[in-house]
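These notes concern the structure reproduced below.
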Amino acid sequence: LFVKAELDNVERLEFPEETDWKLDIKQTQSEETKEGITVSSKDQVEADNGAATVNFAVKWDGAKHKSIMNVFKPSRKTEIKELKGKTLGQYAGGAEAPIVVFECRGLEPTRWHPDCPITVHCEGGKTFTDVDLSEAVEGGDGWCEFDDIKNQPVGITDLKFEFRVMDELAPV
């Protein structure tokens with residue numbers, strides 16, 4: 001999931017590692033969809049046959065197996081070429097940046113609902129926690145507050161997101 005936004009007197013956005021990501025998803029083999037599902041790295045559910053656990057699983061109508069989704073956690077043993085040198089979980093303005101990677105089988109995310117608790121770090125040193133950026137999505141009114149440390153308004157507008165397919169996870 002890549003994001004981009006207009007930041008006004010905001011240094012960076014931070015997404016906690018155990019964020020509950022609210023998404024709309026689509027089955028890869030049909031047009032069947034589910035809206036507003038939640039996936040988190042702290043969730044553990046059984047995949048088919050109970051041999052493995054995943055962060056999210058769904059059985060679509062007529063499907064033989066469950067479709068699954070995991071929140072990818074980078075490690076020394078795995079990497080994704082497109083993410084080399086990038087930090088997941090943060091956006092500091094400018095160009096689009098990756099904030100989270102989902103490993104998906106049999107489904108794909110189509111929409112992100114940015115109402116998860118996001119931490120906003122302002123240029124003046126003030127920090128706002130549990131921020132809901134629903135109104136900051138492109139076309140919305142935006143999110144704004146007042147940084148009483150630096151005595152200036154802060155805001156986030158024109159929030160855009162895009163899901164991109166990444167190369168397979170590669171052992172290092």
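Following the order of the structure tokens, first chain is A, next is B, and so on, with residues numbered from 1 inside each chain and ligands from 1 in the order they appear.
The environment of A:Lys34 within 9 Å, counting only C-alpha atoms and disregarding residues fewer than 5 places along the same chain, consists of Leu23, Asp24, Ile25, Lys26 and Gln27 of chain A.
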Near-stretch 50-64 of chain A list (10 Å; only C-alpha atoms; drop same-chain fewer than 3 positions) as a ChimeraX atom specification: /A:26-27,29-30,32-34,37-47,67-72,102-107
Where in chain A does DSSP assign strand (DSSP E), given as JSON, numbers by chain? {"A": [2, 3, 4, 5, 6, 7, 8, 10, 11, 12, 13, 14, 21, 22, 23, 24, 25, 26, 27, 33, 34, 35, 36, 37, 38, 39, 45, 46, 53, 54, 56, 57, 58, 67, 68, 69, 70, 71, 78, 79, 90, 91, 97, 98, 102, 103, 104, 105, 107, 108, 109, 110, 111, 112, 113, 118, 119, 120, 121, 122, 127, 128, 129, 130, 131, 143, 144, 145, 146, 147, 152, 153, 154, 155, 156, 157, 158, 159, 160, 161, 162, 170, 171]}
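Closest approach to A:Asp141 among A:Gly155, A:Gly94, A:Thr129, A:Lys22 is made by A:Gly155 (distances from only C-alpha atoms).
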Which is closest to A:Phe2 among A:Leu159, A:Ile99, A:Ile80, A:Ala92, if we use only C-alpha atoms? A:Ile99
Got a sec: who's within 9 Å of A:Gly93, counting only C-alpha atoms, leaving out chain neighbours fewer than 2 positions off, as a short mmCIF file (atom, residue, chain, number, x, y, z; two decimals) with all heavy atoms, in the first residue's frame?
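Contents of part.cif, freshly written:
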```cif
data_model
loop_
_atom_site.label_atom_id
_atom_site.label_comp_id
_atom_site.auth_asym_id
_atom_site.auth_seq_id
_atom_site.Cartn_x
_atom_site.Cartn_y
_atom_site.Cartn_z
N LYS A 4 0.31 8.95 -0.52
CA LYS A 4 0.84 10.28 -0.82
C LYS A 4 -0.18 11.27 -0.28
O LYS A 4 -1.39 11.02 -0.36
CB LYS A 4 1.03 10.47 -2.32
CG LYS A 4 1.60 11.83 -2.68
CD LYS A 4 1.85 11.99 -4.15
CE LYS A 4 2.31 13.41 -4.38
NZ LYS A 4 3.19 13.54 -5.50
N ALA A 5 0.29 12.38 0.28
CA ALA A 5 -0.61 13.39 0.82
C ALA A 5 0.07 14.75 0.84
O ALA A 5 1.30 14.83 0.78
CB ALA A 5 -1.06 13.01 2.23
N GLU A 6 -0.74 15.77 0.96
CA GLU A 6 -0.22 17.12 1.16
C GLU A 6 -0.12 17.33 2.67
O GLU A 6 -1.13 17.23 3.38
CB GLU A 6 -1.16 18.17 0.54
CG GLU A 6 -1.22 18.13 -0.96
CD GLU A 6 0.13 18.44 -1.61
OE1 GLU A 6 0.84 19.34 -1.13
OE2 GLU A 6 0.47 17.76 -2.59
N LEU A 7 1.09 17.59 3.15
CA LEU A 7 1.32 17.80 4.58
C LEU A 7 1.63 19.27 4.83
O LEU A 7 2.53 19.83 4.20
CB LEU A 7 2.49 16.93 5.07
CG LEU A 7 2.43 15.43 4.78
CD1 LEU A 7 3.65 14.73 5.36
CD2 LEU A 7 1.15 14.83 5.34
N VAL A 10 3.54 19.38 8.90
CA VAL A 10 3.61 18.03 9.44
C VAL A 10 4.91 17.39 8.97
O VAL A 10 5.21 17.41 7.78
CB VAL A 10 2.39 17.18 8.98
CG1 VAL A 10 2.58 15.71 9.34
CG2 VAL A 10 1.10 17.72 9.56
N GLU A 11 5.67 16.83 9.91
CA GLU A 11 6.94 16.18 9.58
C GLU A 11 6.73 14.80 8.98
O GLU A 11 7.32 14.44 7.98
CB GLU A 11 7.79 16.08 10.84
CG GLU A 11 9.15 15.45 10.65
CD GLU A 11 9.88 15.34 11.97
OE1 GLU A 11 10.20 16.40 12.54
OE2 GLU A 11 10.12 14.20 12.41
N ARG A 12 5.85 13.99 9.66
CA ARG A 12 5.63 12.64 9.16
C ARG A 12 4.37 12.02 9.78
O ARG A 12 3.93 12.43 10.84
CB ARG A 12 6.83 11.74 9.39
CG ARG A 12 7.04 11.27 10.80
CD ARG A 12 8.30 10.41 10.95
NE ARG A 12 8.42 9.86 12.29
CZ ARG A 12 8.79 10.52 13.36
NH1 ARG A 12 9.09 11.80 13.28
NH2 ARG A 12 8.86 9.91 14.54
N LEU A 13 3.88 10.99 9.08
CA LEU A 13 2.79 10.15 9.58
C LEU A 13 3.40 8.82 9.97
O LEU A 13 4.27 8.31 9.28
CB LEU A 13 1.74 9.92 8.49
CG LEU A 13 1.19 11.14 7.77
CD1 LEU A 13 0.19 10.71 6.70
CD2 LEU A 13 0.56 12.10 8.76
N TYR A 91 5.30 7.88 6.54
CA TYR A 91 5.22 8.72 5.35
C TYR A 91 5.67 10.12 5.76
O TYR A 91 5.12 10.71 6.70
CB TYR A 91 3.79 8.77 4.78
CG TYR A 91 3.68 9.71 3.61
CD1 TYR A 91 4.27 9.39 2.39
CD2 TYR A 91 3.03 10.92 3.72
CE1 TYR A 91 4.21 10.25 1.32
CE2 TYR A 91 2.96 11.79 2.64
CZ TYR A 91 3.55 11.46 1.45
OH TYR A 91 3.49 12.32 0.38
N ALA A 95 7.08 12.25 -2.55
CA ALA A 95 6.63 11.19 -3.45
C ALA A 95 5.87 10.10 -2.70
O ALA A 95 5.98 9.98 -1.48
CB ALA A 95 7.83 10.58 -4.17
N GLU A 96 5.14 9.30 -3.46
CA GLU A 96 4.44 8.16 -2.87
C GLU A 96 5.43 7.29 -2.11
O GLU A 96 6.57 7.12 -2.54
CB GLU A 96 3.78 7.32 -3.95
CG GLU A 96 2.61 7.98 -4.61
CD GLU A 96 2.00 7.08 -5.69
OE1 GLU A 96 2.75 6.32 -6.33
OE2 GLU A 96 0.79 7.16 -5.87
N ALA A 97 4.97 6.73 -1.00
CA ALA A 97 5.85 5.87 -0.20
C ALA A 97 5.06 4.65 0.29
O ALA A 97 3.86 4.77 0.58
CB ALA A 97 6.40 6.64 0.99
#
```
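Comparing the minimum interatomic distances between A:Pro117 and each of A:Thr19, A:Thr157, A:Asn9, A:Thr87, counting only C-alpha atoms, we find that A:Thr19 sits nearest.
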Please identify all polymer residues within 8 Å of stretch 162-165 of chain A, counting only C-alpha atoms, omitting same-chain residues fewer than 6 positions from it, and present them as a PyMOL selection string. chain A and resi 1-3+109-110
What does the file look like for those residues with N, CA, C and O atoms, as a PDB file, in the first residue's frame?
```pdb
ATOM      1  N   LEU A   1       0.856  -1.177   0.000  1.00  0.00           N
ATOM      2  CA  LEU A   1       0.000   0.000   0.000  1.00  0.00           C
ATOM      3  C   LEU A   1       0.894   1.229   0.000  1.00  0.00           C
ATOM      4  O   LEU A   1       1.676   1.419   0.925  1.00  0.00           O
ATOM      5  N   PHE A   2       0.797   2.018  -1.041  1.00  0.00           N
ATOM      6  CA  PHE A   2       1.558   3.259  -1.160  1.00  0.00           C
ATOM      7  C   PHE A   2       0.624   4.429  -0.867  1.00  0.00           C
ATOM      8  O   PHE A   2      -0.543   4.401  -1.265  1.00  0.00           O
ATOM      9  N   VAL A   3       1.131   5.461  -0.179  1.00  0.00           N
ATOM     10  CA  VAL A   3       0.340   6.655   0.102  1.00  0.00           C
ATOM     11  C   VAL A   3       1.095   7.902  -0.328  1.00  0.00           C
ATOM     12  O   VAL A   3       2.319   7.911  -0.473  1.00  0.00           O
ATOM     13  N   PRO A 109      -6.542  -6.553  -2.327  1.00  0.00           N
ATOM     14  CA  PRO A 109      -7.161  -5.365  -1.742  1.00  0.00           C
ATOM     15  C   PRO A 109      -7.504  -4.365  -2.845  1.00  0.00           C
ATOM     16  O   PRO A 109      -6.755  -4.229  -3.814  1.00  0.00           O
ATOM     17  N   THR A 110      -8.640  -3.694  -2.704  1.00  0.00           N
ATOM     18  CA  THR A 110      -9.050  -2.704  -3.705  1.00  0.00           C
ATOM     19  C   THR A 110      -9.199  -1.302  -3.129  1.00  0.00           C
ATOM     20  O   THR A 110      -9.111  -0.330  -3.865  1.00  0.00           O
TER      21      THR A 110
END
```
List the spatial neighbours of A:Thr127 as a PyMOL selection string - criterion: any atom at most 12 Å away, only C-alpha atoms, same-chain residues fewer than 2 positions off excluded. chain A and resi 9-14+118-125+129-131+145-150+154
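Note that atom CA of A:Lys126 and atom CA of A:Pro153 are 11.2 Å apart.
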